[in-house]
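*Asks:* Below is the file query.cif, with mmCIF, C-alpha atoms.
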```
data_start
loop_
_atom_site.label_atom_id
_atom_site.label_comp_id
_atom_site.auth_asym_id
_atom_site.auth_seq_id
_atom_site.Cartn_x
_atom_site.Cartn_y
_atom_site.Cartn_z
CA MET A 1 155.31 74.02 78.09
CA LYS A 2 155.26 70.31 77.32
CA GLU A 3 153.82 69.52 73.93
CA LEU A 4 151.03 66.92 73.97
CA LEU A 5 150.68 64.60 71.05
CA GLY A 6 147.60 62.62 70.15
CA ILE A 7 145.87 60.83 67.33
CA ILE A 8 142.37 61.91 66.31
CA ASP A 9 140.42 58.76 66.79
CA GLU A 10 136.85 60.01 66.33
CA VAL A 11 134.96 63.11 65.14
CA ILE A 12 131.44 63.44 66.58
CA SER A 13 128.90 65.66 64.78
CA GLN A 14 125.21 65.11 65.41
CA PRO A 15 123.19 67.95 63.78
CA ASN A 16 119.80 66.59 64.87
CA GLN A 17 120.69 66.20 68.55
CA VAL A 18 121.48 68.60 71.36
CA LYS A 19 125.14 69.54 71.17
CA PRO A 20 127.40 70.68 73.97
CA ILE A 21 126.89 74.44 74.53
CA ILE A 22 129.61 76.93 75.35
CA VAL A 23 127.89 79.80 77.15
CA GLN A 24 129.13 83.37 76.89
CA PHE A 25 127.68 85.98 79.32
CA GLN A 26 127.34 89.40 77.68
CA ASN A 27 127.67 91.37 80.89
CA GLY A 28 130.86 89.68 82.14
CA GLN A 29 132.50 86.40 83.00
CA LEU A 30 131.35 83.72 85.41
CA ALA A 31 133.40 83.63 88.59
CA ASP A 32 134.70 80.20 89.63
CA GLU A 33 133.01 80.38 93.05
CA GLU A 34 129.62 80.93 91.38
CA THR A 35 129.61 77.67 89.41
CA GLU A 36 127.76 75.88 92.21
CA ASN A 37 124.93 78.44 92.07
CA ILE A 38 124.30 77.97 88.36
CA SER A 39 121.14 76.29 87.07
CA CYS A 40 120.19 76.04 83.43
CA GLY A 41 117.59 74.59 81.14
CA LEU A 42 116.79 74.33 77.46
CA PHE A 43 113.32 75.36 76.21
CA HIS A 44 111.45 76.00 73.00
CA ASP A 45 110.02 79.47 72.38
CA LYS A 46 106.78 78.88 70.48
CA GLN A 47 106.39 82.49 69.44
CA LYS A 48 109.82 82.77 67.82
CA ASP A 49 110.06 79.04 67.05
CA LYS A 50 113.58 78.94 68.47
CA LYS A 51 115.45 77.07 71.14
CA LEU A 52 115.86 79.09 74.34
CA LEU A 53 118.61 78.63 76.89
CA ALA A 54 117.77 79.87 80.41
CA VAL A 55 120.49 80.28 83.03
CA SER A 56 119.90 81.29 86.65
CA CYS A 57 122.58 82.54 89.05
CA ARG A 58 121.38 83.74 92.45
CA GLN A 59 118.95 86.65 91.81
CA MET A 60 119.79 86.98 88.11
CA VAL A 61 118.21 85.16 85.22
CA TYR A 62 119.86 85.03 81.80
CA LYS A 63 118.49 83.87 78.48
CA GLY A 64 119.72 83.42 74.94
CA TYR A 65 118.60 81.89 71.66
CA LYS A 66 120.35 79.33 69.51
CA PRO A 67 122.60 81.03 66.94
CA ASP A 68 121.75 80.72 63.27
CA ASP A 69 123.84 77.94 61.74
CA LYS A 70 123.75 79.61 58.35
CA GLN A 71 125.60 82.62 59.71
CA GLN A 72 128.39 80.53 61.29
CA LEU A 73 131.54 80.55 59.10
CA MET A 74 133.11 77.64 60.96
CA ASN A 75 132.24 74.90 63.41
CA THR A 76 133.32 74.94 67.05
CA MET A 77 134.91 71.66 68.16
CA LEU A 78 135.69 70.41 71.65
CA LEU A 79 138.91 68.39 71.84
CA LEU A 80 138.85 65.48 74.35
CA HIS A 81 142.31 63.96 74.91
CA ASN A 82 142.86 60.60 76.59
CA LYS A 83 146.25 60.81 78.26
CA ARG A 84 146.49 57.05 78.76
CA THR A 85 145.79 55.95 75.21
CA GLY A 86 146.81 59.17 73.50
CA LYS A 87 143.62 59.17 71.45
CA VAL A 88 141.69 62.34 70.75
CA ARG A 89 137.96 62.85 70.09
CA LEU A 90 136.55 65.96 68.43
CA VAL A 91 132.98 66.81 69.47
CA GLU A 92 131.05 69.51 67.63
CA ALA A 93 129.73 72.22 70.02
CA GLU A 94 127.75 75.46 69.84
CA ARG A 95 128.51 78.94 71.17
CA TRP A 96 125.50 80.58 72.76
CA SER A 97 125.39 84.15 74.04
CA VAL A 98 123.05 84.96 76.97
CA ASN A 99 122.07 88.30 78.47
CA ALA A 100 120.38 89.30 81.71
CA VAL A 101 116.57 89.40 81.82
CA LEU A 102 115.57 92.83 83.12
CA ASP A 103 112.10 94.12 84.02
CA LYS A 104 110.55 95.74 80.97
CA GLN A 105 107.14 96.65 79.66
CA VAL A 106 105.58 94.04 77.41
CA LEU A 107 102.70 94.25 75.00
CA ASP A 108 99.25 93.78 76.46
CA ASN A 109 98.46 90.77 74.31
CA ASP A 110 101.61 88.99 75.51
CA LYS A 111 101.70 90.22 79.10
CA HIS A 112 100.21 87.17 80.76
CA THR A 113 102.32 84.76 78.71
CA SER A 114 105.57 86.55 79.56
CA ASP A 115 104.67 86.74 83.27
CA GLU A 116 103.92 83.02 83.35
CA LYS A 117 107.24 82.23 81.67
CA MET A 118 109.16 84.34 84.15
CA VAL A 119 107.39 82.65 87.07
CA LEU A 120 108.18 79.24 85.61
CA LEU A 121 111.84 80.10 85.13
CA ASN A 122 112.16 81.45 88.67
CA LYS A 123 110.49 78.38 90.13
CA LYS A 124 112.69 75.92 88.29
CA PHE A 125 116.03 77.69 88.03
CA GLY A 126 115.86 80.61 90.44
CA SER A 127 117.71 80.89 93.74
CA LYS A 128 115.97 80.41 97.05
CA LYS A 129 115.37 84.13 97.34
CA ALA A 130 113.97 84.33 93.80
CA LYS A 131 111.67 81.38 94.42
CA ARG A 132 110.42 82.91 97.68
CA LYS A 133 109.63 86.22 95.93
CA THR A 134 107.85 84.35 93.16
CA GLU A 135 105.65 82.54 95.66
CA GLN A 136 104.80 85.84 97.41
CA TYR A 137 103.95 87.41 94.06
CA GLU A 138 101.52 84.61 93.19
CA LYS A 139 99.82 84.86 96.59
CA MET A 140 99.26 88.60 96.10
CA LYS A 141 97.72 88.22 92.64
CA VAL A 142 94.11 89.40 92.49
CA ASN A 143 91.37 87.82 90.47
CA VAL A 144 90.20 90.80 88.43
CA ASP A 145 86.95 89.17 87.35
CA ALA A 146 85.97 88.39 90.94
CA VAL A 147 86.71 91.94 92.08
CA LYS A 148 84.76 93.32 89.12
CA ASP A 149 81.69 91.25 90.01
CA ASP A 150 81.82 92.36 93.66
CA LEU A 151 82.18 96.00 92.62
CA GLU A 152 79.22 95.80 90.25
CA LYS A 153 77.04 94.32 92.99
CA THR A 154 78.06 97.10 95.40
CA VAL A 155 77.47 99.90 92.90
CA ALA A 156 74.09 98.48 91.88
CA ASN A 157 72.68 99.25 95.35
CA ILE A 158 73.77 102.90 95.34
CA LYS A 159 71.08 105.46 94.55
CA ILE A 160 72.17 108.65 92.81
CA ASP A 161 70.22 111.89 93.17
CA LYS A 162 70.03 113.58 89.78
CA GLU A 163 70.05 116.97 91.49
CA ASP A 164 73.59 116.29 92.66
CA LEU A 165 74.72 115.84 89.05
CA LYS A 166 73.57 119.26 87.92
CA THR A 167 76.30 121.82 87.26
CA PRO A 168 75.81 124.94 89.37
CA THR A 169 75.08 128.06 87.36
CA THR A 170 77.38 131.06 87.28
CA ASP A 171 74.82 133.00 89.27
CA GLU A 172 74.80 130.40 92.05
CA ILE A 173 78.61 130.28 92.17
CA ILE A 174 78.97 134.06 92.39
CA THR A 175 76.18 134.39 94.96
CA ASP A 176 77.67 131.83 97.32
CA ILE A 177 81.30 132.83 97.09
CA HIS A 178 81.66 136.45 95.99
CA ILE A 179 78.69 138.50 97.11
CA PRO A 180 78.49 139.50 100.79
CA PRO A 181 75.21 138.77 102.62
CA CYS A 182 72.33 140.60 100.94
CA ASN A 183 69.23 141.58 102.93
CA ARG A 184 66.58 141.47 100.21
CA ASP A 185 63.87 142.27 102.78
CA ALA A 186 65.52 145.52 103.91
CA CYS A 187 63.29 148.59 104.37
CA ASN A 188 66.13 151.03 103.68
CA VAL A 189 68.67 150.79 100.88
CA GLU A 190 71.45 151.37 103.45
CA ASP A 191 70.55 148.05 105.10
CA VAL A 192 70.85 145.88 101.97
CA TYR A 193 74.63 145.41 102.38
CA ASN A 194 76.64 145.73 105.58
CA LEU A 195 80.04 147.41 105.31
CA ASN A 196 81.45 145.13 108.04
CA ASP A 197 80.85 142.08 105.83
CA ILE A 198 83.43 143.49 103.39
CA VAL A 199 85.91 145.22 105.69
CA PRO A 200 85.51 145.27 109.49
CA GLU A 201 85.09 148.75 110.93
CA ASN A 202 88.07 148.44 113.29
CA ILE A 203 90.35 147.61 110.35
CA LEU A 204 88.90 150.41 108.20
CA GLU A 205 89.56 152.94 110.98
CA THR A 206 93.30 152.36 110.59
CA LEU A 207 93.01 154.53 107.44
CA ASN A 208 91.50 157.53 109.29
CA GLU A 209 94.86 159.23 109.76
CA ALA A 210 95.59 158.95 106.03
CA SER A 211 92.10 160.30 105.28
CA ASN A 212 92.76 163.38 107.44
CA LYS A 213 95.93 164.10 105.48
CA ILE A 214 93.98 163.99 102.21
CA ILE A 215 91.75 166.80 103.56
CA GLN A 216 94.81 169.00 103.93
CA CYS A 217 96.60 167.90 100.77
CA VAL A 218 94.90 166.08 97.88
CA PRO A 219 97.29 163.48 96.40
CA THR A 220 98.31 163.57 92.76
CA GLY A 221 98.58 160.78 90.21
CA LYS A 222 95.29 159.17 91.21
CA SER A 223 92.56 157.89 88.86
CA LYS A 224 89.70 160.01 87.55
CA TYR A 225 87.32 158.10 89.78
CA PHE A 226 89.43 158.80 92.90
CA MET A 227 89.62 162.53 92.19
CA TYR A 228 85.90 162.71 91.33
CA ILE A 229 84.90 161.12 94.67
CA ILE A 230 87.26 163.38 96.64
CA ARG A 231 85.66 166.47 95.11
CA SER A 232 82.11 165.18 95.71
CA LEU A 233 82.80 164.38 99.39
CA LYS A 234 84.10 167.80 100.51
CA SER A 235 80.82 168.76 102.17
CA ASP A 236 79.84 165.24 103.30
CA PRO A 237 79.51 164.82 107.11
CA ASP A 238 80.99 161.27 106.88
CA TYR A 239 83.97 162.54 104.91
CA ILE A 240 86.63 160.67 106.95
CA LYS A 241 84.83 157.33 106.80
CA LYS A 242 84.03 157.54 103.10
CA VAL A 243 87.56 158.62 102.15
CA SER A 244 88.86 155.65 104.14
CA ILE A 245 86.56 153.39 102.07
CA LEU A 246 87.92 155.07 98.92
CA LEU A 247 91.50 154.39 100.04
CA TYR A 248 90.54 150.77 100.67
CA MET A 249 89.13 150.51 97.12
CA ASP A 250 92.32 152.09 95.73
CA ALA A 251 94.43 149.50 97.58
CA VAL A 252 92.24 146.69 96.19
CA SER A 253 92.79 148.02 92.66
CA LYS A 254 96.56 147.99 93.27
CA TRP A 255 96.31 144.37 94.39
CA LEU A 256 94.45 143.46 91.18
CA ASN A 257 97.09 145.11 89.01
CA ILE A 258 100.39 144.00 90.54
CA PRO A 259 102.27 141.29 88.54
CA ILE A 260 101.51 137.68 89.42
CA LYS A 261 105.15 137.08 90.43
CA ASP A 262 104.76 139.73 93.15
CA VAL A 263 101.50 138.13 94.30
CA LYS A 264 103.36 134.93 95.21
CA LYS A 265 105.93 136.82 97.27
CA ARG A 266 105.47 137.28 100.97
CA GLY A 267 105.00 140.79 102.31
CA ALA A 268 103.59 142.42 99.17
CA SER A 269 103.04 146.12 99.89
CA ILE A 270 99.80 147.51 98.44
CA CYS A 271 98.66 149.82 101.25
CA PRO A 272 101.57 151.57 102.99
CA GLU A 273 99.10 153.65 105.08
CA SER A 274 97.87 150.60 107.03
CA GLU A 275 99.45 147.20 107.61
CA GLU A 276 96.08 145.84 108.77
CA ILE A 277 94.41 146.85 105.49
CA ASN A 278 97.37 145.40 103.56
CA SER A 279 96.99 141.98 105.23
CA HIS A 280 93.19 142.04 105.03
CA ILE A 281 93.17 142.62 101.26
CA ILE A 282 95.75 139.91 100.55
CA ASP A 283 93.91 137.37 102.70
CA THR A 284 90.46 138.26 101.30
CA TYR A 285 91.27 138.41 97.58
CA SER A 286 93.74 135.56 97.14
CA ILE A 287 94.17 131.94 98.12
CA GLN A 288 97.13 130.23 99.76
CA SER A 289 98.91 127.39 97.93
CA ASN A 290 102.15 125.44 98.29
CA GLY A 291 103.77 127.74 95.75
CA GLY A 292 102.67 130.93 97.51
CA ARG A 293 99.67 133.19 97.10
CA LEU A 294 97.46 132.78 94.02
CA ARG A 295 95.04 135.30 92.54
CA PRO A 296 92.64 133.35 90.30
CA ALA A 297 89.89 134.93 88.23
CA SER A 298 87.29 134.08 90.90
CA MET A 299 89.16 136.21 93.45
CA LYS A 300 89.31 139.11 90.97
CA ASP A 301 85.54 138.92 90.49
CA LYS A 302 85.07 138.95 94.25
CA ALA A 303 87.24 142.06 94.57
CA ILE A 304 85.36 143.87 91.78
CA ILE A 305 81.96 143.07 93.32
CA HIS A 306 83.13 144.37 96.70
CA CYS A 307 84.38 147.58 95.05
CA LEU A 308 81.02 148.04 93.34
CA ILE A 309 79.21 147.80 96.68
CA LEU A 310 81.71 150.10 98.40
CA GLY A 311 81.32 152.57 95.54
CA LEU A 312 77.58 152.59 96.15
CA ILE A 313 78.06 153.32 99.85
CA ILE A 314 80.30 156.37 99.30
CA SER A 315 78.21 157.76 96.40
CA ASN A 316 74.72 157.73 97.88
CA TYR A 317 74.02 154.44 96.12
CA VAL A 318 74.63 155.70 92.58
CA ILE A 319 77.86 154.71 90.81
CA ASN A 320 79.31 155.44 87.38
CA ILE A 321 80.95 152.21 86.26
CA GLU A 322 82.86 153.95 83.46
CA LEU A 323 84.61 156.14 86.02
CA LEU A 324 85.13 153.16 88.35
CA ALA A 325 86.91 151.32 85.52
CA THR A 326 89.60 154.03 85.53
CA MET A 327 90.53 152.93 89.06
CA LEU A 328 90.26 149.17 88.59
CA GLN A 329 92.28 149.27 85.34
CA SER A 330 93.00 145.51 85.25
CA ARG A 331 91.59 144.95 81.73
CA ILE A 332 88.01 145.01 83.00
CA GLY A 333 85.48 145.99 80.36
CA ILE A 334 82.35 148.05 80.87
CA LYS A 335 80.23 145.05 79.84
CA LYS A 336 81.62 142.90 82.64
CA LEU A 337 81.15 145.68 85.19
CA SER A 338 77.57 146.05 83.96
CA ASN A 339 76.88 142.29 84.39
CA LEU A 340 78.39 142.24 87.88
CA SER A 341 76.39 145.33 88.83
CA ARG A 342 73.16 143.55 87.91
CA ILE A 343 74.17 140.53 90.00
CA VAL A 344 74.66 142.81 92.99
CA GLY A 345 71.10 144.07 92.50
CA MET A 346 71.74 147.39 90.83
CA VAL A 347 69.73 148.75 87.92
CA PRO A 348 70.85 151.25 85.26
CA CYS A 349 69.85 154.89 85.60
CA LYS A 350 67.42 156.18 83.01
CA ASN A 351 69.42 159.28 82.09
CA ASP A 352 72.89 157.63 82.01
CA LYS A 353 73.54 154.12 80.71
CA ASN A 354 76.93 153.95 82.51
CA SER A 355 75.47 154.86 85.90
CA TYR A 356 73.83 152.26 88.14
CA THR A 357 71.81 152.64 91.32
CA LEU A 358 70.62 150.42 94.14
CA LYS A 359 66.98 150.98 95.05
CA LEU A 360 64.10 149.20 96.71
CA PRO A 361 62.46 146.90 96.04
CA LEU A 362 65.43 144.98 94.69
CA PRO A 363 64.96 143.44 91.26
CA LYS A 364 64.54 139.70 90.91
CA GLN A 365 67.81 137.89 91.25
CA ILE A 366 69.01 137.31 87.70
CA SER A 367 70.52 134.12 86.26
CA MET A 368 73.74 134.31 84.29
CA VAL A 369 72.84 131.26 82.19
CA LYS A 370 71.02 131.69 78.91
CA LYS A 371 69.27 128.99 76.91
CA GLY A 372 71.66 126.29 75.82
CA ARG A 373 74.88 127.88 77.01
CA ARG A 374 76.49 129.72 79.89
CA GLN A 375 77.26 133.40 79.63
CA THR A 376 80.88 134.28 80.27
CA LEU A 377 81.50 137.24 82.49
#
```
Taking this structure as input, can you express it in the form of structure tokens?
*Replies:*
Amino acid sequence: MKELLGIIDEVISQPNQVKPIIVQFQNGQLADEETENISCGLFHDKQKDKKLLAVSCRQMVYKGYKPDDKQQLMNTMLLLHNKRTGKVRLVEAERWSVNAVLDKQVLDNDKHTSDEKMVLLNKKFGSKKAKRKTEQYEKMKVNVDAVKDDLEKTVANIKIDKEDLKTPTTDEIITDIHIPPCNRDACNVEDVYNLNDIVPENILETLNEASNKIIQCVPTGKSKYFMYIIRSLKSDPDYIKKVSILLYMDAVSKWLNIPIKDVKKRGASICPESEEINSHIIDTYSIQSNGGRLRPASMKDKAIIHCLILGLIISNYVINIELLATMLQSRIGIKKLSNLSRIVGMVPCKNDKNSYTLKLPLPKQISMVKKGRRQTL
């Protein structure tokens, strides 16, 4: 390599003026073919009270602040050599580091200022694509104050019925969703509730074969309530039908007690004697969701109320809720069974506090809400 000789003719250092800037990109080096796409500008950041260098290259915008002179251990000099005269000039320069401006969340009190700065940078130094996007962004901006005024005018003309704002009572919720149709004007207690509203007769008849087998051989391992009803029905003329209802109640109790993970599975088996009963119970006492079947507390209450009514039908409209609890099992207390029995329209028997009966005329429909707070079932 040929050695170049020169004489330093002049040293230029102007601290109070803008010096030549050597730009260093933190994320890489500038390709030679991209030099024509570069635009830059020097600004003053009022918040930080510093000089700001903005550089735009196609879709990217870079920025950097002037380095602190006190932290610089040496000065950077540009050497300009005149080949004809052999003279050399040294010009003091600065090394600035710039990094890419990425989308980030800003503080609320500085949001509008930062957005305006970014728009200004894109307009002045952005590429054609960046400028076009900036113009589209400004056209899509909404005047919040104007929209707020229009919304207030619209809402002002809307009339709200205070009755719609009232929270429905527990009694109203249970009556509408859980209790089957109740004929409060019935002349006979048998006509107050219709068995078909709980389980259709054609579906219940699919248990007749299993009921006939129970006549010949009483199953073991059943609850006290199940065995008590079987013994009390031996001389009943509607033995087959009432045992079928009992088997239906037993299947409902199984459904209430199986683990929740099995509830979500398809094809849960709770009544092997009848596929129709199996499907009917799952569809009636659960709800379908994206994650499978769900069995919320409301569905459990519905199942218990239905079992209370079915228990009345097979026991000449007198039921011992303490015995019934041995079948239901699923952590249901006597107090809750008592409250649900009253909602159905039953009243306690005088000689047994755990026995309830359905008789005419039906008592006044009770409310489950006490003064100042709602009673929890």
*Asks:* For the structure shown, which residues end up in the PyMOL selection byres ((chain A and resi 85) around 12)? Put them as a count of residues only, please?
*Replies:* 14
*Asks:* Given the file shown, determine the residues that the PyMOL selection byres ((chain A and resi 328-338) around 10) selects; report them as number ranges by chain.
*Replies:* A: 223, 225, 249-258, 300-301, 303-305, 307-308, 321-327, 339-343, 346-348, 353-356, 376-377
*Asks:* Hey, what's within 8 Å of Ser97 in chain A if we count only C-alpha atoms and toss same-chain stuff fewer than 5 positions away? As a ChimeraX atom specification, please?
*Replies:* /A:23-26,64-65
*Asks:* State, in Å with one decimal place, the distance from CA of Asp238 in chain A to CA of Ile314 in chain A.
*Replies:*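 Interatomic distance, CA of Asp238 in chain A to CA of Ile314 in chain A: 9.1 Å.
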*Asks:* For Gly311 in chain A, please output as an mmCIF file with C-alpha atoms, keeping the file's coordinate frame all residues within 9 Å (counting all atoms listed in the file; exclusion window: fewer than 4 positions along the same chain).
*Replies:*
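The resulting part-v9.cif:
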```
data_model
loop_
_atom_site.group_PDB
_atom_site.id
_atom_site.type_symbol
_atom_site.label_atom_id
_atom_site.label_comp_id
_atom_site.auth_asym_id
_atom_site.auth_seq_id
_atom_site.Cartn_x
_atom_site.Cartn_y
_atom_site.Cartn_z
ATOM 1 C CA ILE A 245 86.560 153.390 102.070
ATOM 2 C CA LEU A 246 87.920 155.070 98.920
ATOM 3 C CA MET A 249 89.130 150.510 97.120
ATOM 4 C CA HIS A 306 83.130 144.370 96.700
ATOM 5 C CA CYS A 307 84.380 147.580 95.050
ATOM 6 C CA SER A 315 78.210 157.760 96.400
ATOM 7 C CA ASN A 316 74.720 157.730 97.880
ATOM 8 C CA TYR A 317 74.020 154.440 96.120
ATOM 9 C CA VAL A 318 74.630 155.700 92.580
ATOM 10 C CA ILE A 319 77.860 154.710 90.810
ATOM 11 C CA ASN A 320 79.310 155.440 87.380
ATOM 12 C CA LEU A 324 85.130 153.160 88.350
#
```
*Asks:* Taking the file above as input, evaluate the PyMOL selection byres ((chain A and resi 41) around 6) and report the hits as an MDAnalysis selection string.
*Replies:* chainID A and resid 40 42 53:54
*Asks:* Write a file of the selected residues as a PDB file, keeping the file's coordinate frame, keeping C-alpha atoms.
*Replies:*
```pdb
ATOM      1  CA  CYS A  40     120.190  76.040  83.430  1.00  0.00           C
ATOM      2  CA  LEU A  42     116.790  74.330  77.460  1.00  0.00           C
ATOM      3  CA  LEU A  53     118.610  78.630  76.890  1.00  0.00           C
ATOM      4  CA  ALA A  54     117.770  79.870  80.410  1.00  0.00           C
TER       5      ALA A  54
END
```
*Asks:* Could you state the separation of CA of Glu190 in chain A and CA of Ile281 in chain A in Å, given to one decimal place?
*Replies:*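 The value is 23.5 Å.
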